[in-house]
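**Student:** I am sharing my_file29.pdb, which consists of PDB, C-alpha atoms, pLDDT in the B column:
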ATOM      1  CA  MET A 151      -2.687  19.195  -2.554  1.00 42.00           C
ATOM      2  CA  ASN A 152       0.995  18.782  -3.517  1.00 44.00           C
ATOM      3  CA  SER A 153       1.434  15.737  -5.723  1.00 50.00           C
ATOM      4  CA  TYR A 154       4.581  14.505  -4.016  1.00 75.00           C
ATOM      5  CA  VAL A 155       3.400  14.918  -0.426  1.00 88.00           C
ATOM      6  CA  LYS A 156       0.929  12.334   0.825  1.00 85.00           C
ATOM      7  CA  ILE A 157      -1.795  13.653   3.086  1.00 85.00           C
ATOM      8  CA  GLU A 158      -0.621  11.505   5.996  1.00 83.00           C
ATOM      9  CA  GLU A 159       2.843  13.059   5.602  1.00 90.00           C
ATOM     10  CA  ILE A 160       1.761  16.678   6.016  1.00 93.00           C
ATOM     11  CA  ALA A 161       1.873  16.757   9.832  1.00 93.00           C
ATOM     12  CA  PRO A 162       5.285  15.010  10.031  1.00 94.00           C
ATOM     13  CA  LEU A 163       6.547  17.388   7.337  1.00 96.00           C
ATOM     14  CA  GLY A 164       5.284  20.273   9.460  1.00 96.00           C
ATOM     15  CA  ASP A 165       7.333  18.992  12.391  1.00 96.00           C
ATOM     16  CA  PHE A 166      10.485  18.804  10.288  1.00 96.00           C
ATOM     17  CA  VAL A 167      10.025  22.326   8.942  1.00 97.00           C
ATOM     18  CA  LYS A 168       9.074  23.666  12.361  1.00 97.00           C
ATOM     19  CA  THR A 169      12.449  22.648  13.793  1.00 96.00           C
ATOM     20  CA  SER A 170      14.339  24.733  11.239  1.00 97.00           C
ATOM     21  CA  TYR A 171      11.821  27.569  11.256  1.00 98.00           C
ATOM     22  CA  THR A 172      11.936  27.932  15.026  1.00 97.00           C
ATOM     23  CA  ARG A 173      15.715  28.112  14.966  1.00 97.00           C
ATOM     24  CA  ASP A 174      15.779  30.623  12.093  1.00 97.00           C
ATOM     25  CA  PHE A 175      12.639  32.615  12.879  1.00 98.00           C
ATOM     26  CA  SER A 176      14.252  35.979  13.556  1.00 97.00           C
ATOM     27  CA  VAL A 177      16.477  35.762  10.457  1.00 97.00           C
ATOM     28  CA  ILE A 178      13.529  34.949   8.184  1.00 97.00           C
ATOM     29  CA  GLU A 179      11.302  37.599   9.784  1.00 97.00           C
ATOM     30  CA  ASN A 180      13.996  40.202   9.202  1.00 97.00           C
ATOM     31  CA  ARG A 181      13.791  39.611   5.428  1.00 97.00           C
ATOM     32  CA  PHE A 182      10.073  38.805   5.272  1.00 97.00           C
ATOM     33  CA  PRO A 183       8.192  40.878   7.879  1.00 97.00           C
ATOM     34  CA  LYS A 184       4.859  39.161   7.161  1.00 96.00           C
ATOM     35  CA  LEU A 185       6.320  35.940   8.531  1.00 97.00           C
ATOM     36  CA  ASP A 186       6.117  37.466  11.976  1.00 97.00           C
ATOM     37  CA  THR A 187       5.103  36.100  15.363  1.00 97.00           C
ATOM     38  CA  GLY A 188       1.475  36.047  14.273  1.00 97.00           C
ATOM     39  CA  PHE A 189       2.309  33.882  11.264  1.00 98.00           C
ATOM     40  CA  ARG A 190       4.439  31.545  13.354  1.00 97.00           C
ATOM     41  CA  THR A 191       1.669  31.211  15.941  1.00 97.00           C
ATOM     42  CA  GLY A 192      -0.833  30.457  13.186  1.00 97.00           C
ATOM     43  CA  PHE A 193       1.459  27.816  11.710  1.00 98.00           C
ATOM     44  CA  GLU A 194       2.035  26.159  15.075  1.00 97.00           C
ATOM     45  CA  SER A 195      -1.701  26.254  15.850  1.00 97.00           C
ATOM     46  CA  GLN A 196      -2.576  24.707  12.483  1.00 96.00           C
ATOM     47  CA  LEU A 197      -0.007  21.966  12.996  1.00 96.00           C
ATOM     48  CA  ALA A 198      -1.416  21.283  16.461  1.00 95.00           C
ATOM     49  CA  LEU A 199      -4.942  21.174  15.018  1.00 93.00           C
ATOM     50  CA  ILE A 200      -3.998  18.535  12.458  1.00 92.00           C
ATOM     51  CA  LYS A 201      -2.294  16.477  15.147  1.00 89.00           C
ATOM     52  CA  THR A 202      -5.404  16.737  17.324  1.00 86.00           C
ATOM     53  CA  LEU A 203      -7.580  15.531  14.452  1.00 82.00           C
ATOM     54  CA  GLU A 204      -5.277  12.606  13.785  1.00 79.00           C
ATOM     55  CA  SER A 205      -4.985  11.708  17.458  1.00 75.00           C
ATOM     56  CA  SER A 206      -8.585  10.538  17.282  1.00 64.00           C
ATOM     57  CA  LEU A 207      -7.258   7.719  15.122  1.00 62.00           C
ATOM     58  CA  VAL A 208      -4.394   6.681  17.352  1.00 60.00           C
ATOM     59  CA  LEU A 209      -4.536   2.932  17.105  1.00 57.00           C
ATOM     60  CA  THR A 210      -4.247   0.518  19.962  1.00 53.00           C
ATOM     61  CA  GLU A 211      -1.426  -1.986  19.852  1.00 55.00           C
ATOM     62  CA  GLU A 212      -4.004  -4.612  18.943  1.00 60.00           C
ATOM     63  CA  GLN A 213      -5.193  -2.561  15.965  1.00 65.00           C
ATOM     64  CA  LYS A 214      -1.648  -1.856  14.838  1.00 68.00           C
ATOM     65  CA  GLY A 215      -1.044  -5.594  14.738  1.00 77.00           C
ATOM     66  CA  VAL A 216      -4.152  -6.432  12.723  1.00 83.00           C
ATOM     67  CA  THR A 217      -2.540  -6.015   9.324  1.00 83.00           C
ATOM     68  CA  ALA A 218       0.620  -7.903  10.275  1.00 86.00           C
ATOM     69  CA  SER A 219      -1.438 -10.693  11.812  1.00 90.00           C
ATOM     70  CA  LEU A 220      -3.686 -10.890   8.758  1.00 92.00           C
ATOM     71  CA  TYR A 221      -0.796 -11.366   6.360  1.00 92.00           C
ATOM     72  CA  GLU A 222       0.961 -13.781   8.701  1.00 94.00           C
ATOM     73  CA  GLU A 223      -2.187 -15.887   8.685  1.00 96.00           C
ATOM     74  CA  ALA A 224      -2.365 -15.674   4.894  1.00 96.00           C
ATOM     75  CA  ASP A 225       1.202 -16.994   4.752  1.00 96.00           C
ATOM     76  CA  GLU A 226       0.312 -19.828   7.137  1.00 97.00           C
ATOM     77  CA  LEU A 227      -2.650 -20.828   4.996  1.00 97.00           C
ATOM     78  CA  ASN A 228      -0.496 -20.712   1.898  1.00 97.00           C
ATOM     79  CA  SER A 229       1.988 -23.056   3.574  1.00 96.00           C
ATOM     80  CA  ASP A 230      -0.813 -25.456   4.550  1.00 97.00           C
ATOM     81  CA  LEU A 231      -1.973 -25.417   0.939  1.00 97.00           C
ATOM     82  CA  ASN A 232       1.463 -26.560  -0.193  1.00 97.00           C
ATOM     83  CA  PHE A 233       0.897 -29.787   1.741  1.00 97.00           C
ATOM     84  CA  LEU A 234      -2.654 -30.034   0.440  1.00 97.00           C
ATOM     85  CA  LYS A 235      -1.339 -29.635  -3.109  1.00 96.00           C
ATOM     86  CA  SER A 236       0.999 -32.566  -2.534  1.00 97.00           C
ATOM     87  CA  TYR A 237      -1.802 -34.729  -1.151  1.00 97.00           C
ATOM     88  CA  ILE A 238      -4.003 -33.841  -4.116  1.00 97.00           C
ATOM     89  CA  GLY A 239      -1.260 -34.814  -6.548  1.00 96.00           C
ATOM     90  CA  ASP A 240      -0.555 -38.069  -4.712  1.00 96.00           C
ATOM     91  CA  ALA A 241      -4.257 -38.905  -4.899  1.00 96.00           C
ATOM     92  CA  GLY A 242      -4.192 -38.425  -8.663  1.00 96.00           C
ATOM     93  CA  LEU A 243      -6.465 -35.385  -8.526  1.00 96.00           C
ATOM     94  CA  ASN A 244      -6.123 -31.994 -10.217  1.00 95.00           C
ATOM     95  CA  ALA A 245      -3.911 -29.852  -7.987  1.00 93.00           C
ATOM     96  CA  LYS A 246      -4.585 -26.771 -10.131  1.00 94.00           C
ATOM     97  CA  VAL A 247      -7.836 -26.310  -8.213  1.00 94.00           C
ATOM     98  CA  ILE A 248      -5.973 -24.573  -5.389  1.00 96.00           C
ATOM     99  CA  GLU A 249      -3.667 -22.417  -7.531  1.00 96.00           C
ATOM    100  CA  PRO A 250      -6.002 -19.369  -7.758  1.00 97.00           C
ATOM    101  CA  LEU A 251      -6.265 -19.279  -3.961  1.00 97.00           C
ATOM    102  CA  LYS A 252      -2.511 -19.610  -3.536  1.00 97.00           C
ATOM    103  CA  PHE A 253      -1.969 -16.860  -6.104  1.00 96.00           C
ATOM    104  CA  ASP A 254      -4.212 -14.428  -4.198  1.00 96.00           C
ATOM    105  CA  LEU A 255      -2.595 -15.270  -0.867  1.00 96.00           C
ATOM    106  CA  HIS A 256       0.889 -14.789  -2.297  1.00 93.00           C
ATOM    107  CA  ASN A 257      -0.065 -11.414  -3.772  1.00 93.00           C
ATOM    108  CA  GLY A 258      -1.871 -10.130  -0.691  1.00 90.00           C
ATOM    109  CA  ASN A 259      -5.292 -10.127  -2.350  1.00 94.00           C
ATOM    110  CA  ILE A 260      -7.146 -11.010   0.837  1.00 94.00           C
ATOM    111  CA  GLU A 261     -10.626 -10.289  -0.501  1.00 93.00           C
ATOM    112  CA  GLY A 262     -10.005 -12.548  -3.493  1.00 95.00           C
ATOM    113  CA  ALA A 263      -8.567 -15.279  -1.293  1.00 96.00           C
ATOM    114  CA  LEU A 264     -11.534 -15.219   1.058  1.00 96.00           C
ATOM    115  CA  LEU A 265     -13.868 -15.762  -1.874  1.00 95.00           C
ATOM    116  CA  LYS A 266     -11.882 -18.790  -3.036  1.00 97.00           C
ATOM    117  CA  ILE A 267     -11.467 -20.628   0.280  1.00 97.00           C
ATOM    118  CA  GLU A 268     -15.007 -22.016   0.098  1.00 95.00           C
ATOM    119  CA  GLY A 269     -14.375 -23.613  -3.295  1.00 96.00           C
ATOM    120  CA  VAL A 270     -11.224 -25.336  -2.027  1.00 97.00           C
ATOM    121  CA  LYS A 271     -13.104 -26.507   1.070  1.00 97.00           C
ATOM    122  CA  GLN A 272     -15.819 -28.085  -1.073  1.00 97.00           C
ATOM    123  CA  PHE A 273     -13.153 -29.858  -3.144  1.00 97.00           C
ATOM    124  CA  VAL A 274     -11.546 -31.192   0.046  1.00 97.00           C
ATOM    125  CA  LEU A 275     -14.906 -32.453   1.319  1.00 97.00           C
ATOM    126  CA  ALA A 276     -15.625 -34.159  -1.988  1.00 97.00           C
ATOM    127  CA  HIS A 277     -12.305 -36.043  -1.899  1.00 97.00           C
ATOM    128  CA  GLU A 278     -11.753 -36.233   1.853  1.00 97.00           C
ATOM    129  CA  ALA A 279     -11.146 -39.967   2.121  1.00 97.00           C
ATOM    130  CA  ALA A 280      -8.607 -40.081  -0.710  1.00 97.00           C
ATOM    131  CA  LEU A 281      -6.735 -37.042   0.607  1.00 97.00           C
ATOM    132  CA  GLU A 282      -6.611 -38.355   4.177  1.00 97.00           C
ATOM    133  CA  GLU A 283      -5.239 -41.610   2.848  1.00 96.00           C
ATOM    134  CA  HIS A 284      -2.246 -39.688   1.519  1.00 97.00           C
ATOM    135  CA  GLY A 285      -1.633 -37.696   4.698  1.00 96.00           C
ATOM    136  CA  MET A 286      -4.147 -34.866   4.932  1.00 97.00           C
ATOM    137  CA  ALA A 287      -5.187 -34.315   8.540  1.00 96.00           C
ATOM    138  CA  PRO A 288      -8.790 -35.278   9.343  1.00 95.00           C
ATOM    139  CA  GLY A 289     -11.071 -32.278   9.515  1.00 95.00           C
ATOM    140  CA  PHE A 290      -8.958 -30.071   7.230  1.00 97.00           C
ATOM    141  CA  ALA A 291     -12.161 -28.613   5.791  1.00 96.00           C
ATOM    142  CA  THR A 292     -12.866 -27.200   9.257  1.00 97.00           C
ATOM    143  CA  VAL A 293      -9.348 -25.767   9.340  1.00 97.00           C
ATOM    144  CA  LEU A 294     -10.117 -23.930   6.106  1.00 97.00           C
ATOM    145  CA  ASP A 295     -13.354 -22.624   7.617  1.00 96.00           C
ATOM    146  CA  ASN A 296     -11.449 -21.358  10.636  1.00 97.00           C
ATOM    147  CA  TYR A 297      -8.990 -19.532   8.407  1.00 97.00           C
ATOM    148  CA  LYS A 298     -11.869 -17.945   6.537  1.00 96.00           C
ATOM    149  CA  VAL A 299     -13.607 -16.709   9.696  1.00 96.00           C
ATOM    150  CA  SER A 300     -10.428 -15.400  11.296  1.00 95.00           C
ATOM    151  CA  MET A 301      -9.107 -13.669   8.185  1.00 96.00           C
ATOM    152  CA  THR A 302     -12.506 -12.158   7.416  1.00 96.00           C
ATOM    153  CA  THR A 303     -12.644 -10.620  10.905  1.00 93.00           C
ATOM    154  CA  LYS A 304      -9.142  -9.174  10.623  1.00 91.00           C
ATOM    155  CA  ASN A 305      -9.769  -7.903   7.106  1.00 91.00           C
ATOM    156  CA  THR A 306     -12.979  -6.179   8.226  1.00 91.00           C
ATOM    157  CA  THR A 307     -11.123  -4.500  11.098  1.00 85.00           C
ATOM    158  CA  GLN A 308      -8.340  -3.359   8.789  1.00 81.00           C
ATOM    159  CA  ASN A 309     -10.823  -1.902   6.296  1.00 83.00           C
ATOM    160  CA  ALA A 310     -12.685  -0.104   9.084  1.00 81.00           C
ATOM    161  CA  ILE A 311      -9.440   1.543  10.242  1.00 76.00           C
ATOM    162  CA  MET A 312      -8.595   2.610   6.685  1.00 74.00           C
ATOM    163  CA  ASN A 313     -12.108   3.960   6.108  1.00 78.00           C
ATOM    164  CA  SER A 314     -11.991   5.955   9.342  1.00 74.00           C
ATOM    165  CA  ARG A 315      -8.766   7.637   8.264  1.00 72.00           C
ATOM    166  CA  LYS A 316     -10.180   8.406   4.812  1.00 75.00           C
ATOM    167  CA  GLU A 317     -13.338   9.896   6.328  1.00 78.00           C
ATOM    168  CA  LEU A 318     -11.264  12.035   8.673  1.00 76.00           C
ATOM    169  CA  THR A 319      -9.040  13.408   5.928  1.00 74.00           C
ATOM    170  CA  ASP A 320     -11.913  13.932   3.480  1.00 80.00           C
ATOM    171  CA  ALA A 321     -13.854  15.927   6.082  1.00 79.00           C
ATOM    172  CA  ASN A 322     -10.837  18.068   6.962  1.00 87.00           C
ATOM    173  CA  ILE A 323      -9.074  18.437   3.634  1.00 90.00           C
ATOM    174  CA  THR A 324      -9.158  22.253   3.840  1.00 91.00           C
ATOM    175  CA  GLN A 325      -7.311  22.105   7.164  1.00 93.00           C
ATOM    176  CA  TYR A 326      -4.574  19.955   5.634  1.00 93.00           C
ATOM    177  CA  ASP A 327      -4.377  22.323   2.660  1.00 94.00           C
ATOM    178  CA  ALA A 328      -4.005  25.306   4.996  1.00 96.00           C
ATOM    179  CA  LEU A 329      -1.091  23.701   6.833  1.00 97.00           C
ATOM    180  CA  LEU A 330       0.599  22.646   3.602  1.00 96.00           C
ATOM    181  CA  LYS A 331       0.271  26.197   2.262  1.00 96.00           C
ATOM    182  CA  MET A 332       2.044  27.533   5.370  1.00 98.00           C
ATOM    183  CA  ILE A 333       4.777  24.918   5.009  1.00 97.00           C
ATOM    184  CA  ARG A 334       5.302  25.945   1.384  1.00 97.00           C
ATOM    185  CA  THR A 335       5.522  29.609   2.383  1.00 97.00           C
ATOM    186  CA  ILE A 336       8.116  28.921   5.077  1.00 98.00           C
ATOM    187  CA  CYS A 337      10.163  26.758   2.727  1.00 97.00           C
ATOM    188  CA  SER A 338      10.082  29.199  -0.184  1.00 97.00           C
ATOM    189  CA  LYS A 339      11.159  32.137   2.000  1.00 98.00           C
ATOM    190  CA  GLY A 340      13.679  30.117   3.980  1.00 97.00           C
ATOM    191  CA  LYS A 341      15.257  28.813   0.780  1.00 96.00           C
ATOM    192  CA  LEU A 342      15.815  32.398  -0.379  1.00 97.00           C
ATOM    193  CA  VAL A 343      17.200  33.567   2.954  1.00 97.00           C
ATOM    194  CA  PHE A 344      19.637  30.669   3.250  1.00 97.00           C
ATOM    195  CA  LYS A 345      20.591  30.253  -0.398  1.00 96.00           C
ATOM    196  CA  ASP A 346      24.096  28.825  -0.784  1.00 96.00           C
ATOM    197  CA  THR A 347      24.395  28.067   2.930  1.00 96.00           C
ATOM    198  CA  VAL A 348      24.380  24.822   4.891  1.00 95.00           C
ATOM    199  CA  TYR A 349      20.761  25.532   5.880  1.00 96.00           C
ATOM    200  CA  GLU A 350      19.348  25.855   2.361  1.00 96.00           C
ATOM    201  CA  ASP A 351      18.463  22.157   1.990  1.00 95.00           C
ATOM    202  CA  GLU A 352      16.322  22.373   5.130  1.00 96.00           C
ATOM    203  CA  TYR A 353      13.925  24.573   3.153  1.00 97.00           C
ATOM    204  CA  VAL A 354      13.870  22.622  -0.114  1.00 96.00           C
ATOM    205  CA  MET A 355      10.604  20.725   0.257  1.00 93.00           C
ATOM    206  CA  SER A 356      11.560  17.780  -1.927  1.00 92.00           C
ATOM    207  CA  LYS A 357      14.712  17.250   0.141  1.00 94.00           C
ATOM    208  CA  VAL A 358      12.878  17.640   3.438  1.00 94.00           C
ATOM    209  CA  VAL A 359      10.300  15.070   2.331  1.00 92.00           C
ATOM    210  CA  LYS A 360      13.057  12.681   1.271  1.00 91.00           C
ATOM    211  CA  ARG A 361      14.820  13.048   4.621  1.00 91.00           C
ATOM    212  CA  MET A 362      11.531  12.610   6.493  1.00 90.00           C
ATOM    213  CA  ARG A 363      10.757   9.375   4.631  1.00 88.00           C
ATOM    214  CA  ALA A 364      14.269   8.070   5.253  1.00 87.00           C
ATOM    215  CA  VAL A 365      13.844   8.577   8.999  1.00 79.00           C
ATOM    216  CA  LYS A 366      10.444   6.835   8.899  1.00 67.00           C
ATOM    217  CA  ASP A 367      11.862   3.860   6.995  1.00 60.00           C
TER     218      ASP A 367
END
Could you express the structure from this file as structure tokens?
**Tutor:**
Amino acid sequence: MNSYVKIEEIAPLGDFVKTSYTRDFSVIENRFPKLDTGFRTGFESQLALIKTLESSLVLTEEQKGVTASLYEEADELNSDLNFLKSYIGDAGLNAKVIEPLKFDLHNGNIEGALLKIEGVKQFVLAHEAALEEHGMAPGFATVLDNYKVSMTTKNTTQNAIMNSRKELTDANITQYDALLKMIRTICSKGKLVFKDTVYEDEYVMSKVVKRMRAVKD
């Protein structure tokens, strides 16, 4: 596997190269006869195969929103904890008790945050009356529980999606390697054919990858 091409980028990279290769096929074939119609058909078939494999992981709109929703909820909890921190300080208690949870939320460490919510909830329950006296909403411990349940569900869904993609790519790594090898061949030959022309950069893999990522961003 090429170190600067991520596995999830191989199919999009194939599409970029295919555009140039299709346009320049006859010119490249003229200089490199083995890159004939049979090779082109094999390349297009391999690209289609990878896309078919990945289409099994096409996510629903709901699944696509899981990660965004998870981190939005983490931000909401972090904001709620800012108020809780103020109430804790006003009650003369140690506000540092919630700092580890806030740190994990801020840094996107969802697993770590989920483990720490229970400890903060127990602290809230132990000092509920004093905290409510200074403005904490009644039942805030239940609010923390609700965050924990909701974020755990979303985190589990996100991990399942990521695991499914990893399993797919692990099981089909040779297919990805085969496509990448064809892409390299096309680029190396195309770069020679179009050296010192306006088309040369379209066959320099590092430049194609950079352009592909720019379009994605």
**Student:** With distances taken over all atoms listed in the file, which of A:Leu329, A:Ile267, A:Ser236, A:Glu317 is nearest to Leu251 (chain A)?
**Tutor:**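 For Leu251 (chain A), the nearest of the candidates is A:Ile267.
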**Student:** Excluding same-chain residues fewer than 5 positions from Asn232 (chain A), what lies within 9 Å of it counting only C-alpha atoms, as an MDAnalysis selection string?
**Tutor:** chainID A and resid 227 237 252
**Student:** What does the structure give for the distance between CA of Asn309 (chain A) and CA of Val216 (chain A), in Å to one decimal?
**Tutor:** 10.3 Å
**Student:** As a ChimeraX atom specification, please: the residues near Glu268 (chain A) (cut-off 9 Å, only C-alpha atoms, same-chain neighbours under 5 positions excluded).
**Tutor:** /A:273,294-295,298
**Student:** Select, from A:Ile200, A:Ala161, A:Leu255, A:Leu185, the residue with the minimum atom-to-atom distance to Leu318 (chain A), counting only C-alpha atoms.
**Tutor:**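 Looking at the shortest contact to Leu318 (chain A), the residue is A:Ile200.
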**Student:** Which neighbours of Thr303 (chain A) fall inside 12 Å, counting all atoms listed in the file, when residues of the same chain fewer than 5 positions from it are skipped, and could you give them as a ChimeraX atom specification?
**Tutor:** /A:216-217,219-220,223,260-261,264,296-298,308-310
**Student:** For Glu159 (chain A), which residue among A:Arg363, A:His277, A:Arg315, A:Lys246 is the nearest when counting all atoms listed in the file?
**Tutor:** A:Arg363
**Student:** Using all atoms of region 277-296 of chain A that appear in the file, construct an axis-aligned enclosing box with 3 Å of padding on every side and provide its centre coordinates and edge lengths in Å, rounded to one decimal, as JSON.
**Tutor:**
{"center_x": -7.5, "center_y": -31.5, "center_z": 4.4, "size_x": 17.7, "size_y": 26.3, "size_z": 18.5}
**Student:** Between A:Asp174, A:Glu204, A:Glu282, A:Asp186, which has the minimum distance to Phe233 (chain A) (counting all atoms listed in the file)?
**Tutor:**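 Under the stated criterion, the closest residue is A:Glu282.
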**Student:** Kindly resolve the PyMOL selection byres ((chain A and resi 194) around 12) on the present coordinates and return the residues as a CSV table (one decimal) with C-alpha atoms, keeping the file's coordinate frame.
**Tutor:**
chain,number,residue,atom,x,y,z
A,161,ALA,CA,1.9,16.8,9.8
A,164,GLY,CA,5.3,20.3,9.5
A,165,ASP,CA,7.3,19.0,12.4
A,167,VAL,CA,10.0,22.3,8.9
A,168,LYS,CA,9.1,23.7,12.4
A,169,THR,CA,12.4,22.6,13.8
A,171,TYR,CA,11.8,27.6,11.3
A,172,THR,CA,11.9,27.9,15.0
A,187,THR,CA,5.1,36.1,15.4
A,188,GLY,CA,1.5,36.0,14.3
A,189,PHE,CA,2.3,33.9,11.3
A,190,ARG,CA,4.4,31.5,13.4
A,191,THR,CA,1.7,31.2,15.9
A,192,GLY,CA,-0.8,30.5,13.2
A,193,PHE,CA,1.5,27.8,11.7
A,195,SER,CA,-1.7,26.3,15.8
A,196,GLN,CA,-2.6,24.7,12.5
A,197,LEU,CA,0.0,22.0,13.0
A,198,ALA,CA,-1.4,21.3,16.5
A,199,LEU,CA,-4.9,21.2,15.0
A,200,ILE,CA,-4.0,18.5,12.5
A,201,LYS,CA,-2.3,16.5,15.1
A,328,ALA,CA,-4.0,25.3,5.0
A,329,LEU,CA,-1.1,23.7,6.8
A,332,MET,CA,2.0,27.5,5.4
A,333,ILE,CA,4.8,24.9,5.0
**Student:** With N, CA, C and O atoms as the target, complete region 233-244 of chain A and hand it back as a PDB file, in the frame of the given file.
**Tutor:**
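What ended up in result33.pdb:
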ATOM      1  N   PHE A 233       1.069 -28.382   1.369  1.00 97.00           N
ATOM      2  CA  PHE A 233       0.897 -29.787   1.741  1.00 97.00           C
ATOM      3  C   PHE A 233      -0.344 -30.366   1.065  1.00 97.00           C
ATOM      4  O   PHE A 233      -0.316 -31.487   0.552  1.00 97.00           O
ATOM      5  N   LEU A 234      -1.418 -29.568   1.070  1.00 97.00           N
ATOM      6  CA  LEU A 234      -2.654 -30.034   0.440  1.00 97.00           C
ATOM      7  C   LEU A 234      -2.414 -30.314  -1.042  1.00 97.00           C
ATOM      8  O   LEU A 234      -2.903 -31.313  -1.581  1.00 97.00           O
ATOM      9  N   LYS A 235      -1.642 -29.446  -1.688  1.00 96.00           N
ATOM     10  CA  LYS A 235      -1.339 -29.635  -3.109  1.00 96.00           C
ATOM     11  C   LYS A 235      -0.624 -30.959  -3.338  1.00 96.00           C
ATOM     12  O   LYS A 235      -0.907 -31.683  -4.307  1.00 96.00           O
ATOM     13  N   SER A 236       0.276 -31.294  -2.419  1.00 97.00           N
ATOM     14  CA  SER A 236       0.999 -32.566  -2.534  1.00 97.00           C
ATOM     15  C   SER A 236       0.056 -33.747  -2.359  1.00 97.00           C
ATOM     16  O   SER A 236       0.127 -34.730  -3.108  1.00 97.00           O
ATOM     17  N   TYR A 237      -0.840 -33.645  -1.374  1.00 97.00           N
ATOM     18  CA  TYR A 237      -1.802 -34.729  -1.151  1.00 97.00           C
ATOM     19  C   TYR A 237      -2.718 -34.901  -2.368  1.00 97.00           C
ATOM     20  O   TYR A 237      -3.039 -36.029  -2.758  1.00 97.00           O
ATOM     21  N   ILE A 238      -3.123 -33.787  -2.945  1.00 97.00           N
ATOM     22  CA  ILE A 238      -4.003 -33.841  -4.116  1.00 97.00           C
ATOM     23  C   ILE A 238      -3.289 -34.541  -5.278  1.00 97.00           C
ATOM     24  O   ILE A 238      -3.863 -35.399  -5.969  1.00 97.00           O
ATOM     25  N   GLY A 239      -2.026 -34.178  -5.483  1.00 96.00           N
ATOM     26  CA  GLY A 239      -1.260 -34.814  -6.548  1.00 96.00           C
ATOM     27  C   GLY A 239      -1.067 -36.298  -6.304  1.00 96.00           C
ATOM     28  O   GLY A 239      -1.206 -37.114  -7.223  1.00 96.00           O
ATOM     29  N   ASP A 240      -0.759 -36.656  -5.051  1.00 96.00           N
ATOM     30  CA  ASP A 240      -0.555 -38.069  -4.712  1.00 96.00           C
ATOM     31  C   ASP A 240      -1.831 -38.878  -4.910  1.00 96.00           C
ATOM     32  O   ASP A 240      -1.770 -40.078  -5.216  1.00 96.00           O
ATOM     33  N   ALA A 241      -2.970 -38.219  -4.731  1.00 96.00           N
ATOM     34  CA  ALA A 241      -4.257 -38.905  -4.899  1.00 96.00           C
ATOM     35  C   ALA A 241      -4.694 -38.949  -6.355  1.00 96.00           C
ATOM     36  O   ALA A 241      -5.756 -39.493  -6.670  1.00 96.00           O
ATOM     37  N   GLY A 242      -3.874 -38.396  -7.236  1.00 96.00           N
ATOM     38  CA  GLY A 242      -4.192 -38.425  -8.663  1.00 96.00           C
ATOM     39  C   GLY A 242      -5.266 -37.434  -9.059  1.00 96.00           C
ATOM     40  O   GLY A 242      -5.910 -37.590 -10.100  1.00 96.00           O
ATOM     41  N   LEU A 243      -5.455 -36.405  -8.241  1.00 96.00           N
ATOM     42  CA  LEU A 243      -6.465 -35.385  -8.526  1.00 96.00           C
ATOM     43  C   LEU A 243      -5.810 -34.132  -9.124  1.00 96.00           C
ATOM     44  O   LEU A 243      -4.596 -34.023  -9.188  1.00 96.00           O
ATOM     45  N   ASN A 244      -6.626 -33.207  -9.558  1.00 95.00           N
ATOM     46  CA  ASN A 244      -6.123 -31.994 -10.217  1.00 95.00           C
ATOM     47  C   ASN A 244      -5.722 -30.935  -9.186  1.00 95.00           C
ATOM     48  O   ASN A 244      -6.574 -30.263  -8.609  1.00 95.00           O
TER      49      ASN A 244
END
